[in-house]
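Student: Supplied structure: input08.cif, mmCIF, C-alpha atoms and all ligand atoms.
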```cif
data_entry
loop_
_atom_site.label_atom_id
_atom_site.label_comp_id
_atom_site.auth_asym_id
_atom_site.auth_seq_id
_atom_site.Cartn_x
_atom_site.Cartn_y
_atom_site.Cartn_z
CA MET A 1 -71.38 20.79 -40.18
CA LYS A 2 -67.98 22.32 -39.49
CA VAL A 3 -65.79 21.97 -42.56
CA VAL A 4 -62.07 22.61 -42.95
CA VAL A 5 -60.29 22.51 -46.32
CA LEU A 6 -56.60 21.75 -46.80
CA ALA A 7 -55.14 22.91 -50.11
CA SER A 8 -51.62 23.36 -51.48
CA GLY A 9 -52.03 25.49 -54.58
CA ARG A 10 -54.38 27.26 -56.92
CA GLY A 11 -57.50 26.40 -54.94
CA SER A 12 -60.08 26.26 -57.73
CA ASN A 13 -61.85 23.36 -56.03
CA LEU A 14 -61.84 25.34 -52.80
CA GLN A 15 -63.39 28.21 -54.77
CA SER A 16 -66.18 25.98 -56.05
CA LEU A 17 -67.02 25.13 -52.43
CA ILE A 18 -66.80 28.78 -51.37
CA ASP A 19 -69.08 29.83 -54.25
CA GLU A 20 -71.79 27.35 -53.32
CA TRP A 21 -71.40 28.22 -49.65
CA GLN A 22 -71.76 31.92 -50.42
CA ASN A 23 -74.81 31.47 -52.62
CA GLY A 24 -76.49 29.40 -49.94
CA SER A 25 -76.58 26.06 -51.74
CA LEU A 26 -73.98 24.53 -49.40
CA PRO A 27 -75.03 25.52 -45.88
CA ILE A 28 -71.91 24.30 -44.08
CA GLU A 29 -69.92 26.12 -41.42
CA PHE A 30 -66.71 26.97 -43.24
CA VAL A 31 -64.41 27.11 -40.22
CA GLY A 32 -60.94 27.10 -41.79
CA VAL A 33 -58.61 26.69 -44.73
CA GLY A 34 -55.10 25.39 -44.12
CA SER A 35 -52.12 24.89 -46.40
CA ASP A 36 -48.62 23.49 -46.36
CA LYS A 37 -47.63 26.40 -48.63
CA VAL A 38 -47.55 29.97 -47.29
CA LYS A 39 -48.07 31.36 -50.78
CA ALA A 40 -50.88 29.05 -51.88
CA HIS A 41 -53.46 31.00 -53.84
CA ALA A 42 -56.05 28.96 -51.97
CA LEU A 43 -55.25 30.96 -48.82
CA ILE A 44 -55.99 34.23 -50.63
CA ARG A 45 -59.30 32.86 -51.90
CA ALA A 46 -60.21 31.89 -48.33
CA GLU A 47 -59.20 35.26 -46.90
CA ASN A 48 -61.28 37.02 -49.56
CA ALA A 49 -64.23 34.97 -48.38
CA GLY A 50 -63.57 35.84 -44.73
CA ILE A 51 -62.55 32.31 -43.75
CA VAL A 52 -59.90 31.70 -41.08
CA THR A 53 -56.62 30.55 -42.63
CA ARG A 54 -53.44 28.96 -41.36
CA ALA A 55 -50.23 27.90 -43.09
CA PHE A 56 -48.12 24.97 -41.95
CA PRO A 57 -45.00 25.36 -44.12
CA ARG A 58 -42.80 22.30 -44.25
CA ASP A 59 -39.66 24.31 -43.54
CA ASN A 60 -40.99 25.32 -40.13
CA TYR A 61 -40.96 21.74 -38.91
CA GLN A 62 -38.31 19.21 -38.11
CA ASP A 63 -40.30 16.41 -39.67
CA ARG A 64 -43.72 15.48 -41.02
CA GLU A 65 -44.90 14.26 -37.62
CA ALA A 66 -44.36 17.69 -36.07
CA GLN A 67 -46.21 19.38 -38.93
CA GLU A 68 -49.11 16.96 -38.72
CA THR A 69 -49.36 17.36 -34.96
CA ASP A 70 -49.83 21.10 -35.45
CA ILE A 71 -52.46 20.52 -38.13
CA LEU A 72 -54.32 17.99 -35.96
CA ASN A 73 -54.32 20.38 -32.99
CA TRP A 74 -55.62 23.22 -35.16
CA LEU A 75 -58.38 21.01 -36.55
CA GLU A 76 -59.37 20.02 -33.04
CA GLU A 77 -59.47 23.67 -31.92
CA LEU A 78 -61.76 24.43 -34.85
CA GLY A 79 -64.02 21.50 -33.96
CA VAL A 80 -63.80 20.07 -37.48
CA GLU A 81 -66.49 17.59 -38.49
CA LEU A 82 -65.42 17.07 -42.10
CA LEU A 83 -61.92 17.52 -43.49
CA VAL A 84 -61.83 18.24 -47.22
CA LEU A 85 -58.59 17.85 -49.18
CA ALA A 86 -58.68 20.05 -52.26
CA GLY A 87 -55.42 19.75 -54.14
CA TYR A 88 -53.54 19.09 -50.90
CA MET A 89 -50.38 17.59 -52.31
CA ARG A 90 -48.91 16.09 -49.16
CA VAL A 91 -49.94 12.53 -48.34
CA LEU A 92 -51.33 12.31 -44.83
CA SER A 93 -49.59 9.74 -42.66
CA GLN A 94 -51.33 6.64 -41.36
CA GLU A 95 -50.91 8.12 -37.89
CA PHE A 96 -52.82 11.26 -38.96
CA ILE A 97 -55.65 9.20 -40.41
CA ARG A 98 -55.84 7.06 -37.29
CA LYS A 99 -55.91 10.05 -34.96
CA SER A 100 -58.67 11.92 -36.82
CA ASP A 101 -62.13 10.85 -35.74
CA TYR A 102 -63.92 12.82 -38.50
CA PRO A 103 -64.25 11.83 -42.14
CA ILE A 104 -61.59 13.02 -44.57
CA ILE A 105 -62.41 13.29 -48.26
CA ASN A 106 -60.29 13.94 -51.32
CA ILE A 107 -60.82 14.72 -54.99
CA HIS A 108 -58.63 13.06 -57.58
CA PRO A 109 -58.50 13.81 -61.33
CA SER A 110 -58.99 10.27 -62.66
CA LEU A 111 -61.48 7.44 -62.43
CA LEU A 112 -59.86 5.62 -59.52
CA PRO A 113 -58.48 3.01 -59.13
CA ALA A 114 -56.94 4.01 -62.47
CA PHE A 115 -54.06 6.47 -62.33
CA PRO A 116 -53.56 7.18 -58.62
CA GLY A 117 -50.76 9.46 -57.44
CA LEU A 118 -49.25 12.46 -59.14
CA ARG A 119 -50.15 13.87 -62.58
CA ALA A 120 -53.14 11.62 -63.10
CA GLN A 121 -54.16 13.49 -66.26
CA LYS A 122 -50.71 12.95 -67.82
CA GLN A 123 -50.91 9.29 -66.88
CA ALA A 124 -54.27 9.03 -68.65
CA VAL A 125 -53.06 10.82 -71.81
CA ASP A 126 -49.86 8.75 -71.93
CA TYR A 127 -51.79 5.51 -71.45
CA GLY A 128 -54.14 6.36 -74.28
CA VAL A 129 -57.43 5.83 -72.48
CA LYS A 130 -60.53 7.19 -74.23
CA MET A 131 -62.27 8.01 -70.98
CA SER A 132 -60.97 9.43 -67.74
CA GLY A 133 -62.74 11.58 -65.17
CA CYS A 134 -62.66 12.43 -61.51
CA THR A 135 -63.34 10.76 -58.19
CA VAL A 136 -64.34 11.95 -54.74
CA HIS A 137 -63.36 9.39 -52.13
CA PHE A 138 -62.88 8.93 -48.42
CA VAL A 139 -59.24 9.03 -47.46
CA ASP A 140 -57.85 5.87 -45.96
CA GLU A 141 -54.31 4.86 -45.13
CA GLY A 142 -53.37 4.12 -48.74
CA MET A 143 -52.63 6.33 -51.72
CA ASP A 144 -55.92 7.43 -53.40
CA SER A 145 -57.37 4.10 -52.34
CA GLY A 146 -60.29 4.93 -50.03
CA PRO A 147 -64.00 4.15 -50.59
CA ILE A 148 -65.44 5.97 -53.60
CA ILE A 149 -68.25 8.48 -53.01
CA LEU A 150 -68.80 9.99 -56.48
CA GLN A 151 -67.24 9.57 -59.90
CA GLU A 152 -67.89 11.19 -63.21
CA PRO A 153 -66.37 10.26 -66.57
CA VAL A 154 -64.78 12.78 -68.91
CA PRO A 155 -63.77 11.93 -72.50
CA VAL A 156 -60.15 11.99 -73.60
CA TYR A 157 -59.55 13.09 -77.21
CA SER A 158 -56.60 12.13 -79.38
CA GLU A 159 -55.41 15.74 -79.53
CA ASP A 160 -55.45 16.13 -75.74
CA ASN A 161 -52.40 16.87 -73.69
CA GLU A 162 -52.09 16.94 -69.92
CA GLN A 163 -53.30 20.54 -69.71
CA THR A 164 -56.33 20.30 -71.99
CA LEU A 165 -57.50 17.14 -70.26
CA ALA A 166 -56.89 18.68 -66.82
CA GLN A 167 -59.06 21.66 -67.78
CA ARG A 168 -61.91 19.46 -68.98
CA ILE A 169 -61.76 17.31 -65.85
CA LEU A 170 -61.52 20.35 -63.57
CA ARG A 171 -64.90 21.67 -64.73
CA VAL A 172 -66.46 18.40 -63.58
CA GLU A 173 -64.49 18.41 -60.31
CA HIS A 174 -66.06 21.78 -59.50
CA LYS A 175 -69.48 20.19 -59.85
CA ILE A 176 -69.02 16.89 -58.01
CA TYR A 177 -66.99 18.11 -55.03
CA PRO A 178 -69.68 20.43 -53.65
CA GLU A 179 -72.22 17.71 -54.45
CA ALA A 180 -70.28 15.15 -52.38
CA VAL A 181 -70.00 17.56 -49.44
CA ARG A 182 -73.75 18.21 -49.68
CA LEU A 183 -74.49 14.47 -49.61
CA ILE A 184 -72.34 14.00 -46.50
CA MET A 185 -73.82 17.07 -44.81
CA ASN A 186 -77.35 15.84 -45.48
CA GLY A 187 -76.57 12.39 -44.07
CA LYS A 188 -77.22 10.74 -47.44
CA ILE A 189 -74.14 8.56 -47.33
CA LYS A 190 -73.80 5.18 -45.73
CA ARG A 191 -70.62 3.15 -45.67
CA GLU A 192 -70.61 -0.60 -45.95
CA GLY A 193 -66.98 -1.62 -45.92
CA ARG A 194 -65.48 -0.37 -49.16
CA LYS A 195 -68.85 0.51 -50.58
CA VAL A 196 -70.44 3.90 -50.22
CA ILE A 197 -74.20 3.80 -50.57
CA ILE A 198 -75.92 7.02 -51.59
CA GLN A 199 -79.46 7.31 -50.33
CA THR A 200 -81.78 8.84 -52.87
CA ASP A 201 -84.87 10.85 -51.96
CA SER A 202 -87.37 8.63 -53.72
C1 LIG A 301 -57.21 19.15 -58.92
O1 LIG A 301 -57.25 18.73 -60.26
C2 LIG A 301 -57.28 17.96 -58.00
O2 LIG A 301 -58.12 16.94 -58.45
C3 LIG A 301 -55.85 17.51 -57.99
O3 LIG A 301 -55.10 18.70 -57.94
C4 LIG A 301 -55.84 19.73 -58.58
C5 LIG A 301 -55.96 20.89 -57.62
O4 LIG A 301 -56.51 21.99 -58.28
N1 LIG A 301 -55.57 16.66 -56.88
C6 LIG A 301 -54.74 15.63 -56.94
O5 LIG A 301 -54.13 15.31 -57.94
C7 LIG A 301 -54.64 14.83 -55.66
N2 LIG A 301 -54.00 13.60 -55.88
P1 LIG A 301 -57.07 23.22 -57.45
O6 LIG A 301 -55.96 23.66 -56.49
O7 LIG A 301 -57.35 24.27 -58.46
O8 LIG A 301 -58.31 22.77 -56.72
#
```
What do you get writing this file as structure tokens?
Tutor:
Amino acid sequence: MKVVVLASGRGSNLQSLIDEWQNGSLPIEFVGVGSDKVKAHALIRAENAGIVTRAFPRDNYQDREAQETDILNWLEELGVELLVLAGYMRVLSQEFIRKSDYPIINIHPSLLPAFPGLRAQKQAVDYGVKMSGCTVHFVDEGMDSGPIILQEPVPVYSEDNEQTLAQRILRVEHKIYPEAVRLIMNGKIKREGRKVIIQTDS
């Protein structure tokens, strides 16, 4: 399965996929890593792993449509079969979603549908929830609203701030994102409307 990752920043989720790919537990074809930021650390991680990279910096384009057209063309050239958003901080347009005939997945640092959008960990701390977590979901035309593939809870402690909670959630993200890709790659996932059914081996 030909996988492309889009990432905007640090790229620790990308790294968790690269690590499992390199140790053989995620036998995908890692065909590219793209970013909207030329200086994204994610691009360095990809280059270190020998993966093709491409930057699509916002300033190079007149508008979002032009940028997305370039990204879509690149994905088509690569023959992408699964597009993985890993800290890609630009919302894909409805047009982009409609034009892509491969699944797109995203990881979000909350138990959706709670706390969509930016700074989900801060939202959770400010709200005072005792439990948050992370979600891997298919991307649809809404904001963090697509069908949920995997979720895992993470406790929130009274002394937490945005950073401490983000760190605790991130460790779990690094576990469930490769797992979700593996499930898709192995054809273990069936979609029934909003529901994602995971087929177990038993
Ligand atoms: C991760 O916590 C990811 O869940 C979050 O950005 C971080 C990226 O970290 N994504 C979102 O908030 C998307 N709405 P990383 O660059 O180290 O993978």
Student: Could you give me the residues within 6 Å of ligand LIG 301 (chain A), counting all atoms listed in the file, as a list of chain:residue names?
Tutor: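 Based on all atoms listed in the file, ligand LIG 301 (chain A) is surrounded within 6 Å by A:Gly9, A:Arg10, A:Gly11, A:Ser12, A:Asn13, A:Leu14, A:Ala86, A:Gly87, A:Ile107, A:His108, A:Pro109, A:Gly117, A:Leu118, A:Leu170.
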Student: Atom CA of Val4 of chain A and atom CA of Val172 of chain A are how many Å apart?
Tutor: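 For atom CA of Val4 of chain A relative to atom CA of Val172 of chain A, the distance reads 21.5 Å.
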Student: Residues proximal to (-66.0, 27.1, -60.5) were defined as those with any atom within 12 Å of that point in the file's coordinates, counting all atoms listed in the file. Which are they, as a list in words?
Tutor: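 Final list of nearby residues, as requested, is Gly11, Ser12, Asn13, Leu14, Gln15, Ser16, Leu17, Ile18, Asp19, Glu20, Gln167, Ile169, Leu170, Arg171, Val172, Glu173, His174, Lys175, Ile176, Tyr177 and Pro178 of chain A.
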Student: Using only C-alpha atoms, which of A:Thr200, A:Gln67, A:Thr135, A:Gln163 sits nearest Ser35 of chain A?
Tutor: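 Answer, going by the shortest atom-to-atom distance: A:Gln67.
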Student: Give as a PyMOL selection string every residue, naming chains and numbers as the document does, that has an atom within 7 Å of (-42.7, 22.5, -46.4), counting all atoms listed in the file.
Tutor: chain A and resi 36-37+57-59
Student: Find the distance between atom CA of Val38 of chain A and atom CA of Phe56 of chain A and write it in Å to one decimal.
Tutor: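 These atoms are spaced 7.3 Å apart.
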Student: Separation of atom CA of Lys99 of chain A and atom CA of Val84 of chain A, in Å?
Tutor: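 Here the two named atoms are 15.9 Å from each other.
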Student: Fewer than 2 positions away in the same chain doesn't count, so skip those; otherwise give me all residues within 9 Å of Met185 of chain A, counting only C-alpha atoms, as a PyMOL selection string.
Tutor: chain A and resi 1+26-28+82+180-183+187-189
Student: Give me a file of those residues, with C-alpha atoms, as a JSON list (two decimals), in the frame of the given file.
Tutor:
```json
[["chain", "number", "residue", "atom", "x", "y", "z"],
["A", 1, "MET", "CA", -71.38, 20.79, -40.18],
["A", 26, "LEU", "CA", -73.98, 24.53, -49.40],
["A", 27, "PRO", "CA", -75.03, 25.52, -45.88],
["A", 28, "ILE", "CA", -71.91, 24.30, -44.08],
["A", 82, "LEU", "CA", -65.42, 17.07, -42.10],
["A", 180, "ALA", "CA", -70.28, 15.15, -52.38],
["A", 181, "VAL", "CA", -70.00, 17.56, -49.44],
["A", 182, "ARG", "CA", -73.75, 18.21, -49.68],
["A", 183, "LEU", "CA", -74.49, 14.47, -49.61],
["A", 187, "GLY", "CA", -76.57, 12.39, -44.07],
["A", 188, "LYS", "CA", -77.22, 10.74, -47.44],
["A", 189, "ILE", "CA", -74.14, 8.56, -47.33]]
```
Student: When you count only C-alpha atoms, which of these residues is closest to Phe138 of chain A: A:Ile184, A:Leu150, A:Leu112, A:Ile104?
Tutor: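 Answer, going by the shortest atom-to-atom distance: A:Ile104.
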Student: Looking at A:Glu192, A:Glu76, A:Asp160, A:Glu29, which one is nearest to Lys122 of chain A, with distances taken over only C-alpha atoms?
Tutor: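 Closest to Lys122 of chain A, using only C-alpha atoms: A:Asp160.
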Student: Give the answer as one residue: which of A:Arg98, A:Val3, A:Glu68, A:Leu92 has the shortest atom-to-atom distance to Ile51 of chain A, using all atoms listed in the file?
Tutor: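 Checking each candidate against Ile51 of chain A, we get A:Val3 as the closest.
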Student: Draw an axis-aligned box over all listed atoms of segment 52-66 of chain A, pad each side with 5 Å, and write its centre and edge lengths in Å, one decimal, as lines of an AutoDock Vina configuration file.
Tutor:
```
center_x = -49.1
center_y = 23.0
center_z = -40.2
size_x = 31.6
size_y = 27.4
size_z = 18.2
```
Student: Which of these residues is nearest to Arg168 of chain A, using only C-alpha atoms: A:Val154, A:Met131, A:Leu6, A:Leu111?
Tutor: A:Val154
Student: With distances taken over only C-alpha atoms, which of A:Leu75, A:Ile105, A:Ala166, A:Val91 is nearest to Gln123 of chain A?
Tutor: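 Of all the options, A:Ala166 lies closest to Gln123 of chain A.
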Student: Identify, on the basis of all atoms listed in the file, every residue whose closest approach to Ser100 of chain A does not exceed 12 Å; exclude the query and any residue fewer than 3 positions from it along the same chain; express the result as a ChimeraX atom specification.
Tutor: /A:68-69,71-76,79-83,92-97,103-104,139-141
Student: Let's have the selection written as a short mmCIF file (atom, residue, chain, number, x, y, z; two decimals), in the coordinates of the input, with C-alpha atoms.
Tutor:
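Heads up, here's the output in out_29.cif:
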```cif
data_model
loop_
_atom_site.label_atom_id
_atom_site.label_comp_id
_atom_site.auth_asym_id
_atom_site.auth_seq_id
_atom_site.Cartn_x
_atom_site.Cartn_y
_atom_site.Cartn_z
CA GLU A 68 -49.11 16.96 -38.72
CA THR A 69 -49.36 17.36 -34.96
CA ILE A 71 -52.46 20.52 -38.13
CA LEU A 72 -54.32 17.99 -35.96
CA ASN A 73 -54.32 20.38 -32.99
CA TRP A 74 -55.62 23.22 -35.16
CA LEU A 75 -58.38 21.01 -36.55
CA GLU A 76 -59.37 20.02 -33.04
CA GLY A 79 -64.02 21.50 -33.96
CA VAL A 80 -63.80 20.07 -37.48
CA GLU A 81 -66.49 17.59 -38.49
CA LEU A 82 -65.42 17.07 -42.10
CA LEU A 83 -61.92 17.52 -43.49
CA LEU A 92 -51.33 12.31 -44.83
CA SER A 93 -49.59 9.74 -42.66
CA GLN A 94 -51.33 6.64 -41.36
CA GLU A 95 -50.91 8.12 -37.89
CA PHE A 96 -52.82 11.26 -38.96
CA ILE A 97 -55.65 9.20 -40.41
CA PRO A 103 -64.25 11.83 -42.14
CA ILE A 104 -61.59 13.02 -44.57
CA VAL A 139 -59.24 9.03 -47.46
CA ASP A 140 -57.85 5.87 -45.96
CA GLU A 141 -54.31 4.86 -45.13
#
```
Student: Once N, CA and C atoms are restored for segment 159-186 of chain A, what would the output be as an mmCIF file, keeping the file's coordinate frame?
Tutor:
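Wrote result.cif, looks like this:
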```cif
data_model
loop_
_atom_site.group_PDB
_atom_site.id
_atom_site.type_symbol
_atom_site.label_atom_id
_atom_site.label_comp_id
_atom_site.auth_asym_id
_atom_site.auth_seq_id
_atom_site.Cartn_x
_atom_site.Cartn_y
_atom_site.Cartn_z
ATOM 1 N N GLU A 159 -56.262 14.537 -79.513
ATOM 2 C CA GLU A 159 -55.410 15.740 -79.530
ATOM 3 C C GLU A 159 -55.135 16.290 -78.128
ATOM 4 N N ASP A 160 -55.652 15.623 -77.106
ATOM 5 C CA ASP A 160 -55.450 16.130 -75.740
ATOM 6 C C ASP A 160 -54.005 16.050 -75.297
ATOM 7 N N ASN A 161 -53.628 17.011 -74.464
ATOM 8 C CA ASN A 161 -52.400 16.870 -73.690
ATOM 9 C C ASN A 161 -52.797 16.989 -72.213
ATOM 10 N N GLU A 162 -51.803 16.925 -71.356
ATOM 11 C CA GLU A 162 -52.090 16.940 -69.920
ATOM 12 C C GLU A 162 -52.946 18.148 -69.528
ATOM 13 N N GLN A 163 -52.608 19.308 -70.109
ATOM 14 C CA GLN A 163 -53.300 20.540 -69.710
ATOM 15 C C GLN A 163 -54.737 20.583 -70.205
ATOM 16 N N THR A 164 -54.955 20.204 -71.465
ATOM 17 C CA THR A 164 -56.330 20.300 -71.990
ATOM 18 C C THR A 164 -57.237 19.302 -71.263
ATOM 19 N N LEU A 165 -56.684 18.121 -70.986
ATOM 20 C CA LEU A 165 -57.500 17.140 -70.260
ATOM 21 C C LEU A 165 -57.763 17.627 -68.827
ATOM 22 N N ALA A 166 -56.723 18.186 -68.192
ATOM 23 C CA ALA A 166 -56.890 18.680 -66.820
ATOM 24 C C ALA A 166 -57.995 19.725 -66.748
ATOM 25 N N GLN A 167 -58.030 20.617 -67.753
ATOM 26 C CA GLN A 167 -59.060 21.660 -67.780
ATOM 27 C C GLN A 167 -60.457 21.068 -67.879
ATOM 28 N N ARG A 168 -60.583 20.079 -68.781
ATOM 29 C CA ARG A 168 -61.910 19.460 -68.980
ATOM 30 C C ARG A 168 -62.357 18.730 -67.721
ATOM 31 N N ILE A 169 -61.409 18.049 -67.080
ATOM 32 C CA ILE A 169 -61.760 17.310 -65.850
ATOM 33 C C ILE A 169 -62.101 18.287 -64.730
ATOM 34 N N LEU A 170 -61.336 19.383 -64.667
ATOM 35 C CA LEU A 170 -61.520 20.350 -63.570
ATOM 36 C C LEU A 170 -62.952 20.891 -63.526
ATOM 37 N N ARG A 171 -63.517 21.135 -64.703
ATOM 38 C CA ARG A 171 -64.900 21.670 -64.730
ATOM 39 C C ARG A 171 -65.855 20.698 -64.036
ATOM 40 N N VAL A 172 -65.591 19.418 -64.204
ATOM 41 C CA VAL A 172 -66.460 18.400 -63.580
ATOM 42 C C VAL A 172 -66.141 18.282 -62.082
ATOM 43 N N GLU A 173 -64.869 18.416 -61.739
ATOM 44 C CA GLU A 173 -64.490 18.410 -60.310
ATOM 45 C C GLU A 173 -65.285 19.475 -59.554
ATOM 46 N N HIS A 174 -65.397 20.651 -60.185
ATOM 47 C CA HIS A 174 -66.060 21.780 -59.500
ATOM 48 C C HIS A 174 -67.545 21.506 -59.288
ATOM 49 N N LYS A 175 -68.068 20.562 -60.018
ATOM 50 C CA LYS A 175 -69.480 20.190 -59.850
ATOM 51 C C LYS A 175 -69.625 19.085 -58.794
ATOM 52 N N ILE A 176 -68.767 18.053 -58.887
ATOM 53 C CA ILE A 176 -69.020 16.890 -58.010
ATOM 54 C C ILE A 176 -68.478 17.074 -56.588
ATOM 55 N N TYR A 177 -67.502 17.985 -56.399
ATOM 56 C CA TYR A 177 -66.990 18.110 -55.030
ATOM 57 C C TYR A 177 -68.032 18.755 -54.104
ATOM 58 N N PRO A 178 -68.615 19.884 -54.512
ATOM 59 C CA PRO A 178 -69.680 20.430 -53.650
ATOM 60 C C PRO A 178 -70.837 19.436 -53.479
ATOM 61 N N GLU A 179 -71.136 18.682 -54.533
ATOM 62 C CA GLU A 179 -72.220 17.710 -54.450
ATOM 63 C C GLU A 179 -71.913 16.637 -53.392
ATOM 64 N N ALA A 180 -70.668 16.169 -53.363
ATOM 65 C CA ALA A 180 -70.280 15.150 -52.380
ATOM 66 C C ALA A 180 -70.369 15.702 -50.958
ATOM 67 N N VAL A 181 -69.929 16.946 -50.778
ATOM 68 C CA VAL A 181 -70.000 17.560 -49.440
ATOM 69 C C VAL A 181 -71.467 17.679 -49.012
ATOM 70 N N ARG A 182 -72.319 18.066 -49.982
ATOM 71 C CA ARG A 182 -73.750 18.210 -49.680
ATOM 72 C C ARG A 182 -74.344 16.862 -49.253
ATOM 73 N N LEU A 183 -73.969 15.794 -49.945
ATOM 74 C CA LEU A 183 -74.490 14.470 -49.610
ATOM 75 C C LEU A 183 -74.086 14.072 -48.181
ATOM 76 N N ILE A 184 -72.826 14.349 -47.842
ATOM 77 C CA ILE A 184 -72.340 14.000 -46.500
ATOM 78 C C ILE A 184 -73.070 14.848 -45.454
ATOM 79 N N MET A 185 -73.162 16.152 -45.737
ATOM 80 C CA MET A 185 -73.820 17.070 -44.810
ATOM 81 C C MET A 185 -75.273 16.678 -44.554
ATOM 82 N N ASN A 186 -75.928 16.208 -45.606
ATOM 83 C CA ASN A 186 -77.350 15.840 -45.480
ATOM 84 C C ASN A 186 -77.546 14.406 -44.997
#
```
